[in-house]
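Data from model.cif: mmCIF, C-alpha atoms and all ligand atoms
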```
data_entry
#
loop_
_atom_site.label_atom_id
_atom_site.label_comp_id
_atom_site.auth_asym_id
_atom_site.auth_seq_id
_atom_site.Cartn_x
_atom_site.Cartn_y
_atom_site.Cartn_z
CA MET E 824 55.81 5.22 21.92
CA ILE E 825 53.93 5.99 18.70
CA PHE E 826 50.22 5.40 18.86
CA MET E 827 47.10 6.46 16.99
CA LYS E 828 45.17 8.90 19.12
CA PHE E 829 41.88 8.73 17.28
CA GLN E 830 40.89 5.15 16.55
CA PHE E 831 37.51 5.57 14.92
CA ALA E 832 34.79 2.95 14.84
CA ASP E 833 34.90 0.74 11.72
CA ARG E 834 31.52 2.04 10.62
CA MET E 835 32.99 5.50 9.97
CA SER E 836 35.08 4.19 7.09
CA LYS E 837 31.98 2.74 5.44
CA VAL E 838 30.10 6.03 5.20
CA PRO E 839 31.66 8.65 2.93
CA ARG E 840 30.85 12.35 3.28
CA SER E 841 27.74 13.36 1.43
CA PHE E 842 28.44 14.45 -2.16
CA VAL E 843 25.46 16.79 -1.98
CA ARG E 844 26.83 18.60 1.09
CA GLU E 845 30.20 18.88 -0.64
CA THR E 846 28.70 20.27 -3.85
CA LEU E 847 26.64 22.73 -1.84
CA LYS E 848 29.92 24.24 -0.69
CA ILE E 849 31.14 24.77 -4.29
CA THR E 850 27.84 26.31 -5.24
CA GLU E 851 27.96 28.94 -2.51
CA ASP E 852 29.59 31.15 -5.18
CA PRO E 853 26.73 33.63 -5.88
CA GLU E 854 27.51 33.65 -9.61
CA ILE E 855 26.66 29.97 -9.85
CA ILE E 856 23.00 29.19 -10.39
CA SER E 857 22.50 26.06 -8.35
CA PHE E 858 19.83 23.44 -8.94
CA ALA E 859 21.89 21.14 -6.71
CA GLY E 860 20.59 21.59 -3.15
CA GLY E 861 17.28 20.38 -1.83
CA LEU E 862 16.27 23.64 -0.23
CA PRO E 863 12.74 25.04 -0.09
CA SER E 864 12.22 28.56 -1.41
CA PRO E 865 13.07 31.15 1.26
CA LEU E 866 9.94 32.98 0.08
CA SER E 867 7.92 30.08 1.50
CA PHE E 868 9.02 30.75 5.08
CA PRO E 869 6.35 32.40 7.25
CA VAL E 870 8.86 34.76 8.90
CA GLU E 871 6.48 37.42 10.26
CA GLU E 872 3.99 34.83 11.51
CA ILE E 873 6.69 32.85 13.32
CA ALA E 874 7.94 36.08 14.92
CA GLU E 875 4.42 36.82 16.21
CA SER E 876 3.81 33.28 17.47
CA THR E 877 7.20 33.21 19.23
CA SER E 878 6.69 36.51 20.96
CA TYR E 879 3.13 35.61 22.01
CA LEU E 880 4.27 32.23 23.37
CA LEU E 881 7.15 33.73 25.35
CA LYS E 882 4.87 36.34 26.93
CA LYS E 883 2.07 33.90 27.65
CA GLU E 884 3.91 30.76 28.76
CA GLY E 885 7.63 31.52 28.43
CA GLU E 886 8.80 29.78 31.60
CA GLU E 887 7.01 26.57 30.77
CA ALA E 888 8.06 26.66 27.09
CA LEU E 889 11.74 26.94 28.03
CA GLN E 890 11.68 23.87 30.30
CA TYR E 891 12.67 20.21 29.62
CA SER E 892 9.83 18.05 28.35
CA THR E 893 8.77 14.51 27.42
CA THR E 894 10.53 12.32 24.86
CA GLU E 895 7.35 11.61 22.88
CA GLY E 896 6.78 15.31 22.20
CA TYR E 897 4.30 18.08 23.01
CA THR E 898 0.89 16.41 23.27
CA PRO E 899 -1.18 19.17 21.59
CA LEU E 900 1.20 19.09 18.61
CA ARG E 901 0.82 15.31 18.35
CA GLU E 902 -2.95 15.75 18.55
CA TYR E 903 -2.86 18.39 15.82
CA LEU E 904 -1.01 15.93 13.56
CA SER E 905 -3.42 13.14 14.41
CA ASN E 906 -6.37 15.43 13.46
CA ARG E 907 -4.70 16.46 10.24
CA TYR E 908 -4.24 12.81 9.24
CA SER E 909 -7.84 12.05 10.14
CA LYS E 910 -9.09 14.94 7.92
CA LYS E 911 -7.24 13.20 5.08
CA GLY E 912 -8.91 9.90 5.93
CA VAL E 913 -5.90 8.32 7.65
CA LYS E 914 -6.48 7.03 11.18
CA VAL E 915 -3.47 7.82 13.37
CA ASP E 916 -3.72 8.06 17.19
CA ALA E 917 -1.71 10.85 18.82
CA ASP E 918 0.07 8.33 21.05
CA HIS E 919 1.46 6.61 17.94
CA ILE E 920 3.30 9.83 17.02
CA LEU E 921 6.85 10.65 18.11
CA ILE E 922 8.13 14.20 17.55
CA THR E 923 11.65 14.16 16.08
CA ASN E 924 14.44 16.44 14.85
CA GLY E 925 13.27 16.41 11.26
CA SER E 926 12.60 13.22 9.36
CA GLN E 927 16.35 12.67 9.16
CA GLN E 928 16.24 11.66 12.82
CA CYS E 929 13.46 9.18 12.00
CA LEU E 930 15.91 7.42 9.66
CA ASP E 931 18.53 7.30 12.37
CA LEU E 932 16.11 6.04 15.03
CA VAL E 933 14.72 3.34 12.73
CA GLY E 934 18.29 2.24 12.05
CA LYS E 935 19.05 2.23 15.75
CA VAL E 936 16.07 0.14 16.85
CA PHE E 937 15.94 -2.34 13.95
CA LEU E 938 19.33 -2.85 12.35
CA ASN E 939 22.07 -5.25 13.38
CA GLN E 940 25.31 -5.40 11.45
CA GLU E 941 24.78 -7.02 8.00
CA ASP E 942 20.97 -6.84 8.22
CA LYS E 943 19.41 -6.38 4.81
CA VAL E 944 17.37 -3.35 3.80
CA LEU E 945 15.45 -2.76 0.58
CA VAL E 946 15.52 0.73 -0.90
CA GLU E 947 14.37 2.30 -4.14
CA ARG E 948 16.73 2.67 -7.08
CA PRO E 949 17.70 5.52 -6.96
CA THR E 950 16.98 6.71 -3.41
CA TYR E 951 17.51 9.55 -0.93
CA LEU E 952 21.22 9.95 -0.36
CA ALA E 953 21.08 10.63 3.37
CA ALA E 954 18.95 7.50 3.89
CA ILE E 955 21.78 5.47 2.36
CA GLN E 956 24.11 7.23 4.79
CA ALA E 957 21.83 6.65 7.80
CA PHE E 958 21.36 2.92 7.15
CA ARG E 959 25.05 2.39 6.37
CA MET E 960 25.89 3.93 9.74
CA TYR E 961 24.25 0.84 11.23
CA GLU E 962 26.29 -1.36 8.87
CA ALA E 963 23.27 -2.64 6.99
CA GLN E 964 23.43 -4.19 3.52
CA LEU E 965 21.32 -2.27 1.05
CA ARG E 966 19.65 -3.72 -2.01
CA SER E 967 17.82 -1.49 -4.44
CA ILE E 968 14.64 -2.15 -6.42
CA PRO E 969 14.10 -0.17 -9.65
CA LEU E 970 11.56 2.62 -9.82
CA GLN E 971 9.23 2.85 -12.79
CA GLU E 972 7.14 5.83 -13.90
CA ASP E 973 4.28 4.84 -11.58
CA GLY E 974 6.34 3.64 -8.61
CA ILE E 975 8.33 0.64 -7.51
CA ASP E 976 8.81 -2.33 -9.87
CA ILE E 977 6.35 -4.70 -8.18
CA GLN E 978 7.73 -7.83 -9.80
CA ALA E 979 11.29 -7.01 -8.73
CA LEU E 980 10.04 -6.29 -5.19
CA SER E 981 8.21 -9.63 -4.96
CA ASP E 982 11.21 -11.48 -6.37
CA ALA E 983 13.58 -9.88 -3.86
CA LEU E 984 11.28 -10.73 -0.95
CA SER E 985 11.01 -14.34 -2.07
CA GLN E 986 14.80 -14.69 -2.44
CA ASP E 987 16.03 -13.20 0.81
CA LYS E 988 15.09 -11.87 4.25
CA PHE E 989 14.90 -8.08 4.57
CA LYS E 990 14.39 -6.21 7.84
CA LEU E 991 13.07 -3.02 6.21
CA PHE E 992 11.78 -1.66 2.94
CA TYR E 993 12.42 2.10 2.81
CA SER E 994 10.30 4.00 0.31
CA ILE E 995 9.38 7.59 -0.63
CA PRO E 996 6.09 7.07 -2.50
CA SER E 997 5.21 10.72 -3.19
CA PHE E 998 7.36 13.06 -5.32
CA GLN E 999 10.39 11.02 -4.52
CA ASN E 1000 13.80 12.48 -3.81
CA PRO E 1001 15.66 12.32 -6.20
CA THR E 1002 13.34 11.40 -9.11
CA GLY E 1003 10.04 13.22 -8.43
CA ILE E 1004 8.24 9.89 -9.11
CA THR E 1005 4.92 9.13 -7.34
CA TYR E 1006 3.44 5.66 -6.78
CA SER E 1007 0.01 5.21 -8.39
CA LEU E 1008 -2.93 4.20 -6.17
CA GLU E 1009 -2.77 0.67 -7.58
CA LYS E 1010 0.91 0.31 -6.71
CA ARG E 1011 0.31 1.67 -3.20
CA LYS E 1012 -2.26 -1.04 -2.61
CA MET E 1013 -0.05 -3.71 -4.18
CA VAL E 1014 2.92 -2.80 -1.97
CA ALA E 1015 0.68 -3.03 1.10
CA GLU E 1016 -0.68 -6.39 -0.06
CA ILE E 1017 2.78 -7.83 -0.70
CA LEU E 1018 4.16 -6.69 2.65
CA GLU E 1019 1.09 -7.66 4.68
CA ASP E 1020 2.34 -11.18 5.35
CA GLN E 1021 6.08 -10.54 5.31
CA PRO E 1022 8.37 -9.95 8.29
CA THR E 1023 9.81 -6.92 6.41
CA VAL E 1024 8.81 -3.58 8.02
CA PHE E 1025 7.59 -0.96 5.56
CA VAL E 1026 9.14 2.46 6.23
CA GLU E 1027 7.38 5.29 4.36
CA ASP E 1028 9.11 8.66 4.14
CA ASN E 1029 6.72 11.43 3.14
CA PRO E 1030 8.35 14.87 3.31
CA TYR E 1031 6.79 16.15 0.08
CA GLY E 1032 3.25 14.68 0.18
CA GLU E 1033 1.62 18.04 1.06
CA ILE E 1034 3.30 19.79 -1.89
CA ARG E 1035 1.11 18.41 -4.66
CA PHE E 1036 0.41 20.96 -7.38
CA ARG E 1037 -1.16 18.70 -10.02
CA GLY E 1038 -3.40 15.64 -10.00
CA GLU E 1039 -5.27 14.06 -7.10
CA ASP E 1040 -4.08 13.55 -3.55
CA LEU E 1041 -3.18 9.93 -2.80
CA PRO E 1042 -3.31 8.28 0.64
CA PRO E 1043 -0.07 7.15 2.29
CA ILE E 1044 0.62 3.40 1.98
CA LYS E 1045 0.32 3.33 5.79
CA SER E 1046 -3.45 3.66 5.40
CA TYR E 1047 -3.46 0.17 3.81
CA LEU E 1048 -0.75 -1.30 6.03
CA ALA E 1049 -1.28 -0.62 9.75
CA ASP E 1050 1.93 -2.31 10.89
CA SER E 1051 4.12 0.10 8.97
CA ILE E 1052 6.08 3.22 9.88
CA LEU E 1053 5.46 6.67 8.41
CA PHE E 1054 7.65 9.80 8.60
CA GLY E 1055 6.54 13.41 8.29
CA THR E 1056 8.28 16.77 8.57
CA PHE E 1057 7.66 20.51 8.86
CA SER E 1058 10.85 21.14 6.85
CA LYS E 1059 9.23 21.61 3.46
CA ILE E 1060 6.00 23.22 4.67
CA ILE E 1061 7.17 25.60 7.44
CA SER E 1062 10.97 25.67 7.85
CA PRO E 1063 13.83 23.15 7.63
CA GLY E 1064 16.01 25.18 10.02
CA MET E 1065 13.55 24.56 12.85
CA ARG E 1066 14.42 20.83 12.52
CA MET E 1067 11.02 19.46 13.41
CA GLY E 1068 9.49 16.24 12.11
CA TRP E 1069 7.61 13.22 13.37
CA MET E 1070 7.25 9.47 13.04
CA VAL E 1071 4.05 7.40 13.17
CA ALA E 1072 4.63 3.86 14.46
CA PRO E 1073 2.77 0.98 16.12
CA LEU E 1074 2.91 1.19 19.96
CA GLU E 1075 5.27 -1.76 20.22
CA VAL E 1076 7.75 0.12 18.02
CA MET E 1077 7.09 3.45 19.79
CA ASP E 1078 8.32 1.91 23.07
CA LYS E 1079 11.69 1.12 21.50
CA LEU E 1080 11.90 4.42 19.63
CA VAL E 1081 11.37 6.35 22.85
CA VAL E 1082 14.25 4.52 24.54
CA ALA E 1083 16.50 5.11 21.50
CA LYS E 1084 15.56 8.79 21.34
CA GLN E 1085 16.18 9.28 25.06
CA ALA E 1086 19.70 8.00 24.56
CA SER E 1087 20.20 10.36 21.62
CA ASP E 1088 18.78 13.68 22.82
CA LEU E 1089 16.16 13.20 25.61
CA HIS E 1090 13.58 15.00 23.46
CA SER E 1091 13.31 17.29 20.46
CA ASN E 1092 13.64 21.03 21.01
CA TYR E 1093 10.59 21.72 23.18
CA PHE E 1094 10.55 25.46 22.57
CA THR E 1095 10.43 24.93 18.79
CA GLN E 1096 7.62 22.39 19.20
CA ARG E 1097 5.68 25.03 21.13
CA VAL E 1098 6.39 27.75 18.54
CA ILE E 1099 5.25 25.48 15.71
CA TYR E 1100 2.11 24.52 17.60
CA GLN E 1101 1.35 28.19 18.34
CA HIS E 1102 1.90 28.98 14.67
CA LEU E 1103 -0.43 26.18 13.56
CA THR E 1104 -3.08 27.37 16.03
CA ASP E 1105 -2.87 30.99 14.88
CA HIS E 1106 -2.69 30.34 11.14
CA ASN E 1107 -4.36 28.20 8.51
CA MET E 1108 -1.84 25.67 7.23
CA ASP E 1109 -3.82 25.05 4.07
CA HIS E 1110 -3.66 28.69 2.97
CA HIS E 1111 0.09 28.60 3.44
CA LEU E 1112 0.36 25.35 1.49
CA GLN E 1113 -1.63 26.81 -1.40
CA LYS E 1114 0.93 29.59 -1.67
CA ILE E 1115 3.85 27.12 -1.77
CA ARG E 1116 2.13 24.85 -4.30
CA LYS E 1117 1.37 27.76 -6.61
CA MET E 1118 4.95 28.99 -6.49
CA TYR E 1119 6.55 25.56 -7.04
CA LYS E 1120 4.15 24.68 -9.86
CA LYS E 1121 5.22 27.79 -11.78
CA GLN E 1122 8.90 27.01 -11.18
CA ARG E 1123 8.50 23.35 -12.17
CA ASP E 1124 6.53 24.25 -15.32
CA LEU E 1125 9.17 26.76 -16.35
CA MET E 1126 11.99 24.27 -15.76
CA ILE E 1127 10.26 21.71 -17.99
CA GLN E 1128 9.58 24.35 -20.64
CA MET E 1129 13.28 25.28 -20.61
CA ILE E 1130 14.28 21.60 -20.98
CA GLU E 1131 12.03 21.36 -24.01
CA ASP E 1132 13.42 24.58 -25.49
CA HIS E 1133 17.14 24.19 -24.73
CA PHE E 1134 18.10 20.55 -24.18
CA PRO E 1135 18.98 18.39 -27.19
CA PRO E 1136 16.64 15.60 -28.28
CA GLY E 1137 17.34 12.28 -26.59
CA VAL E 1138 17.38 13.78 -23.09
CA ARG E 1139 14.56 12.29 -20.98
CA TYR E 1140 13.06 13.78 -17.81
CA THR E 1141 10.36 13.07 -15.23
CA GLN E 1142 7.31 15.34 -14.91
CA PRO E 1143 6.61 15.44 -11.17
CA GLU E 1144 3.16 16.38 -9.91
CA GLY E 1145 4.60 17.86 -6.73
CA GLY E 1146 7.66 18.09 -4.52
CA MET E 1147 10.90 19.85 -5.35
CA PHE E 1148 12.88 17.74 -7.85
CA LEU E 1149 12.94 16.39 -11.35
CA TRP E 1150 15.23 13.73 -12.77
CA VAL E 1151 17.03 13.95 -16.07
CA THR E 1152 18.46 11.04 -18.07
CA LEU E 1153 21.07 11.95 -20.67
CA PRO E 1154 21.53 9.79 -23.77
CA GLU E 1155 23.21 6.44 -23.05
CA GLY E 1156 26.99 6.59 -22.65
CA LEU E 1157 27.16 10.19 -21.39
CA SER E 1158 28.44 10.96 -17.89
CA ALA E 1159 26.66 13.42 -15.61
CA LEU E 1160 29.87 13.76 -13.58
CA GLU E 1161 31.66 14.99 -16.68
CA LEU E 1162 28.74 17.30 -17.38
CA PHE E 1163 29.03 18.63 -13.82
CA ASP E 1164 32.53 19.99 -14.53
CA ILE E 1165 31.49 21.56 -17.84
CA ALA E 1166 28.36 23.02 -16.20
CA LEU E 1167 30.39 24.59 -13.38
CA LYS E 1168 32.40 26.48 -16.01
CA GLU E 1169 29.06 27.72 -17.37
CA LYS E 1170 28.20 28.70 -13.78
CA VAL E 1171 25.35 26.28 -13.21
CA ALA E 1172 25.19 23.26 -10.87
CA PHE E 1173 23.11 20.12 -10.28
CA VAL E 1174 23.64 16.79 -8.50
CA PRO E 1175 25.00 13.94 -10.66
CA GLY E 1176 22.71 10.93 -10.23
CA GLU E 1177 25.50 8.57 -9.11
CA ALA E 1178 25.18 9.76 -5.52
CA PHE E 1179 21.69 8.26 -5.24
CA TYR E 1180 22.52 4.67 -6.15
CA THR E 1181 23.56 1.95 -3.72
CA GLU E 1182 25.09 -0.15 -6.52
CA ASN E 1183 25.74 0.03 -10.31
CA PRO E 1184 24.95 3.73 -10.69
CA GLU E 1185 23.32 4.97 -13.88
CA LYS E 1186 25.96 7.52 -14.74
CA ASN E 1187 23.91 9.42 -17.28
CA THR E 1188 21.37 10.68 -14.70
CA LEU E 1189 21.11 13.91 -12.71
CA ARG E 1190 18.81 15.63 -10.22
CA LEU E 1191 17.48 19.16 -10.65
CA ASN E 1192 15.86 21.14 -7.83
CA PHE E 1193 13.24 23.68 -8.89
CA SER E 1194 12.04 24.95 -5.50
CA ASN E 1195 15.02 27.08 -4.53
CA SER E 1196 15.43 29.21 -7.68
CA ASN E 1197 13.14 32.00 -8.82
CA GLU E 1198 11.85 32.10 -12.39
CA GLU E 1199 14.59 34.42 -13.61
CA ARG E 1200 17.32 32.10 -12.34
CA ILE E 1201 15.57 28.99 -13.67
CA GLU E 1202 15.39 30.58 -17.10
CA GLU E 1203 19.04 31.63 -17.13
CA GLY E 1204 20.37 28.51 -15.37
CA MET E 1205 18.58 26.10 -17.68
CA LYS E 1206 19.93 27.95 -20.75
CA ARG E 1207 23.43 27.52 -19.29
CA LEU E 1208 22.79 23.84 -18.59
CA GLY E 1209 21.48 23.33 -22.12
CA ASN E 1210 24.70 24.93 -23.44
CA ALA E 1211 26.80 22.64 -21.24
CA ILE E 1212 25.00 19.53 -22.52
CA ASN E 1213 25.36 20.69 -26.12
CA LYS E 1214 29.07 21.34 -25.55
CA MET E 1215 29.52 17.88 -24.09
CA MET E 1216 27.69 16.28 -27.00
CA ASP E 1217 29.55 18.49 -29.48
CA ILE E 1218 26.35 19.89 -30.91
C1 LIG U 1 13.27 11.84 1.27
C2 LIG U 1 13.76 12.70 2.38
N1 LIG U 1 13.73 12.23 3.64
C3 LIG U 1 14.15 12.96 4.67
C4 LIG U 1 14.67 14.24 4.47
C5 LIG U 1 15.16 14.99 5.68
O1 LIG U 1 14.36 16.07 5.94
P1 LIG U 1 14.21 16.75 7.35
O2 LIG U 1 15.14 16.05 8.31
O3 LIG U 1 14.57 18.17 7.15
O4 LIG U 1 12.79 16.54 7.73
C6 LIG U 1 14.73 14.78 3.19
C7 LIG U 1 15.30 16.10 2.97
O5 LIG U 1 15.55 16.57 1.91
C8 LIG U 1 14.27 13.98 2.12
O6 LIG U 1 14.30 14.41 0.85
#
```
Please, can you express the file's structure as structure tokens?
Ligand SMILES: Cc1ncc(COP(=O)(O)O)c(C=O)c1O
Amino acid sequence: MIFMKFQFADRMSKVPRSFVRETLKITEDPEIISFAGGLPSPLSFPVEEIAESTSYLLKKEGEEALQYSTTEGYTPLREYLSNRYSKKGVKVDADHILITNGSQQCLDLVGKVFLNQEDKVLVERPTYLAAIQAFRMYEAQLRSIPLQEDGIDIQALSDALSQDKFKLFYSIPSFQNPTGITYSLEKRKMVAEILEDQPTVFVEDNPYGEIRFRGEDLPPIKSYLADSILFGTFSKIISPGMRMGWMVAPLEVMDKLVVAKQASDLHSNYFTQRVIYQHLTDHNMDHHLQKIRKMYKKQRDLMIQMIEDHFPPGVRYTQPEGGMFLWVTLPEGLSALELFDIALKEKVAFVPGEAFYTENPEKNTLRLNFSNSNEERIEEGMKRLGNAINKMMDI
């Protein structure tokens, strides 16, 4: 009898492999200068300090630190986060914080506890690729609301909410991935006001908020909207490989999240939670952040300078005040996918914008990462990219 051995769940055919992960493979060639990935600079990793904290922890409390632990996470680490929020004027109780495997797990857990098949979710246009993947895994229908220079298009958001029922609105208000756009204070307040009396849950992803190198710090939208959910992560400020993040949620939601997380992995890596806490106790996070901000500001400024010097007129770009990405819009009618092939021949890579749209992609857009390349590579890579664009436009 002939039969199919592996009969996968229907949902697997709805979620393609990530284009970014696939392009990362191509760009492993060391000759290619890649602005494609979303990696922090390796120079930002506190290697020596983590080595010291790990060794101290193992000697002091090794047996305890290697044991199973609670689903919610290591209490002193949750208290540290609660204190850090409170220093920034945001009131978050430690028992509203769940420690997770990076903020990517927050996306998965939110999907798991809220989404039924065909539920509707609002996202930004464009949005974080792996959020599209995570929500599609739960067979949700995604609808995107355009981003403007100062954040979400408020009118389009209000219209969508008045036309249909949405379970969630997923947003990245600070130094968004992929565009680098940040919501103004006014828009933060307006979003909170609009969602206040809606059944839609606001889900705020904030991996880049601490990496502001220009302008004034802005509060998370959660500070105006208590019933919302907020994600955080150590990935961009300590290390992404340690896979450590957190989610802030109302207690009623926490109860469900804890059950969902137990079913997934019992709890996040307890040893890593302890190492991170030890590290945070031994070292001043703000000094470390200043170093990262200074480095990324230089890299971002240079990338913009190179766009001005080497890209043809008619190319538009965002000017992020923090984070790791900027967003380029080529003149109307040009295709960033076509540019990708030409650029690879010039030995430079980026992510074509198409990957970040849920519908009707704007094909002339692309994302550039400035955190993972030093100044020398930014200078050379941007010259190559300028050449590729000129070749495509026959200049
Ligand atoms: C907007 C956004 N959310 C979530 C993540 C996932 O980060 P992590 O799971 O490493 O915290 C990223 C990573 O690039 C991101 O850009």
Inset, instruction - Measure the distance from CA of Ile1004 in chain E to atom C6 of ligand LIG 1 (chain U) in Å and round it to one decimal. - result: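 Answer for the CA of Ile1004 in chain E to atom C6 of ligand LIG 1 (chain U) separation: 14.7 Å.
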Legend entry - Of the listed residues E:Glu947, E:Asp1088, E:Asp1105, E:Glu972, that which approaches ligand LIG 1 (chain U) most closely, counting only C-alpha atoms and all ligand atoms: E:Glu947
Find the residues near Leu1080 in chain E: any atom within 9 Å, counting all atoms listed in the file, skip ones fewer than 5 places away on the same chain, and give them as a tab-separated table (two decimals) with C-alpha atoms, in the coordinates of the input.
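And here is the file that came out, around_1.tsv:
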```tsv
chain	number	residue	atom	x	y	z
E	921	LEU	CA	6.85	10.65	18.11
E	932	LEU	CA	16.11	6.04	15.03
E	933	VAL	CA	14.72	3.34	12.73
E	935	LYS	CA	19.05	2.23	15.75
E	936	VAL	CA	16.07	0.14	16.85
E	1072	ALA	CA	4.63	3.86	14.46
E	1085	GLN	CA	16.18	9.28	25.06
```
Inset, instruction - All residues within 8 Å of ligand LIG 1 (chain U) are required, counting all atoms listed in the file; please report them as a PyMOL selection string. - result: chain E and resi 861-862+924-930+950-951+953-954+995+999-1001+1028-1031+1055-1059+1063-1064+1066-1068
Within 10 Å of (7.3, 22.1, -5.7), all atoms listed in the file: residues as a PDB file with C-alpha atoms, in the frame of the given file?
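Written out: part_36.pdb:
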```pdb
ATOM      1  CA  PRO E 863      12.740  25.040  -0.090  1.00  0.00           C
ATOM      2  CA  SER E 864      12.220  28.560  -1.410  1.00  0.00           C
ATOM      3  CA  PHE E 998       7.360  13.060  -5.320  1.00  0.00           C
ATOM      4  CA  GLY E1003      10.040  13.220  -8.430  1.00  0.00           C
ATOM      5  CA  TYR E1031       6.790  16.150   0.080  1.00  0.00           C
ATOM      6  CA  GLU E1033       1.620  18.040   1.060  1.00  0.00           C
ATOM      7  CA  ILE E1034       3.300  19.790  -1.890  1.00  0.00           C
ATOM      8  CA  ARG E1035       1.110  18.410  -4.660  1.00  0.00           C
ATOM      9  CA  PHE E1036       0.410  20.960  -7.380  1.00  0.00           C
ATOM     10  CA  LYS E1059       9.230  21.610   3.460  1.00  0.00           C
ATOM     11  CA  ILE E1115       3.850  27.120  -1.770  1.00  0.00           C
ATOM     12  CA  ARG E1116       2.130  24.850  -4.300  1.00  0.00           C
ATOM     13  CA  LYS E1117       1.370  27.760  -6.610  1.00  0.00           C
ATOM     14  CA  MET E1118       4.950  28.990  -6.490  1.00  0.00           C
ATOM     15  CA  TYR E1119       6.550  25.560  -7.040  1.00  0.00           C
ATOM     16  CA  LYS E1120       4.150  24.680  -9.860  1.00  0.00           C
ATOM     17  CA  LYS E1121       5.220  27.790 -11.780  1.00  0.00           C
ATOM     18  CA  GLN E1122       8.900  27.010 -11.180  1.00  0.00           C
ATOM     19  CA  ARG E1123       8.500  23.350 -12.170  1.00  0.00           C
ATOM     20  CA  ASP E1124       6.530  24.250 -15.320  1.00  0.00           C
ATOM     21  CA  PRO E1143       6.610  15.440 -11.170  1.00  0.00           C
ATOM     22  CA  GLU E1144       3.160  16.380  -9.910  1.00  0.00           C
ATOM     23  CA  GLY E1145       4.600  17.860  -6.730  1.00  0.00           C
ATOM     24  CA  GLY E1146       7.660  18.090  -4.520  1.00  0.00           C
ATOM     25  CA  MET E1147      10.900  19.850  -5.350  1.00  0.00           C
ATOM     26  CA  PHE E1148      12.880  17.740  -7.850  1.00  0.00           C
ATOM     27  CA  LEU E1149      12.940  16.390 -11.350  1.00  0.00           C
ATOM     28  CA  ASN E1192      15.860  21.140  -7.830  1.00  0.00           C
ATOM     29  CA  PHE E1193      13.240  23.680  -8.890  1.00  0.00           C
ATOM     30  CA  SER E1194      12.040  24.950  -5.500  1.00  0.00           C
ATOM     31  CA  ASN E1195      15.020  27.080  -4.530  1.00  0.00           C
TER      32      ASN E1195
END
```
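Nearest to Glu884 in chain E of all the residues E:Leu1018, E:Leu1103, E:Val1098, E:Val1151 is E:Val1098, based on all atoms listed in the file.
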Inset, instruction - Have a look at CA of His1106 in chain E and CA of Lys914 in chain E and let me know their distance in Å, one decimal. - result: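 Between these atoms lies a distance of 23.6 Å.
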Legend entry - Atom pair CA of Val1082 in chain E / CA of Met960 in chain E: separation (Å):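 Going from CA of Val1082 in chain E over to CA of Met960 in chain E covers 18.8 Å.
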Inset, instruction - Would you mind telling me which residue in E:Thr1141, E:Gln830, E:Thr923, E:Ser878 lies nearest to Leu1089 in chain E when using all atoms listed in the file? - result: E:Thr923
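Proximity to Val915 in chain E was assessed for E:Glu962, E:Asp987, E:Glu851, E:Asp1050 counting only C-alpha atoms; the smallest distance is recorded for E:Asp1050.
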Inset, instruction - Pick out the closest residue to Leu970 in chain E from this set: E:Phe958, E:Tyr993, E:Tyr1100, E:Tyr1006. Count all atoms listed in the file. - result: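 Distance minimum relative to Leu970 in chain E lands on E:Tyr1006.
Those residues that approach range 1206-1215 of chain E to within 8 Å, counting only C-alpha atoms, are Met1129, Ile1130, His1133, Phe1134, Pro1135, Leu1162, Ile1165, Ala1166, Glu1169, Lys1170, Val1171 and Glu1202 of chain E; same-chain residues fewer than 4 positions away are not listed.
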Could those residues be written to a file, using C-alpha atoms, as a JSON list (two decimals), in the coordinates of the input?
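What ended up in again34.json:
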```json
[["chain", "number", "residue", "atom", "x", "y", "z"],
["E", 1129, "MET", "CA", 13.28, 25.28, -20.61],
["E", 1130, "ILE", "CA", 14.28, 21.60, -20.98],
["E", 1133, "HIS", "CA", 17.14, 24.19, -24.73],
["E", 1134, "PHE", "CA", 18.10, 20.55, -24.18],
["E", 1135, "PRO", "CA", 18.98, 18.39, -27.19],
["E", 1162, "LEU", "CA", 28.74, 17.30, -17.38],
["E", 1165, "ILE", "CA", 31.49, 21.56, -17.84],
["E", 1166, "ALA", "CA", 28.36, 23.02, -16.20],
["E", 1169, "GLU", "CA", 29.06, 27.72, -17.37],
["E", 1170, "LYS", "CA", 28.20, 28.70, -13.78],
["E", 1171, "VAL", "CA", 25.35, 26.28, -13.21],
["E", 1202, "GLU", "CA", 15.39, 30.58, -17.10]]
```
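Across E:Met1065, E:Ile855, E:Leu866, E:Lys828, the tightest approach to Asn1092 in chain E is made by E:Met1065 when counting only C-alpha atoms.
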Inset, instruction - Please determine the residues with any atom at most 8 Å from (6.0, 11.1, 19.2) (coordinates as given in the file, with only C-alpha atoms counting) and report them as a PyMOL selection string. - result: chain E and resi 894-896+901+917-923+1069-1071+1077
Inset, instruction - Determine, counting only C-alpha atoms, which protein, DNA and RNA residues have an atom within 10 Å of an atom of Gln940 in chain E; residues of the same chain fewer than 5 positions away are not included. Present the result as an NGL selection string. - result: :E and (834 or 959-964)
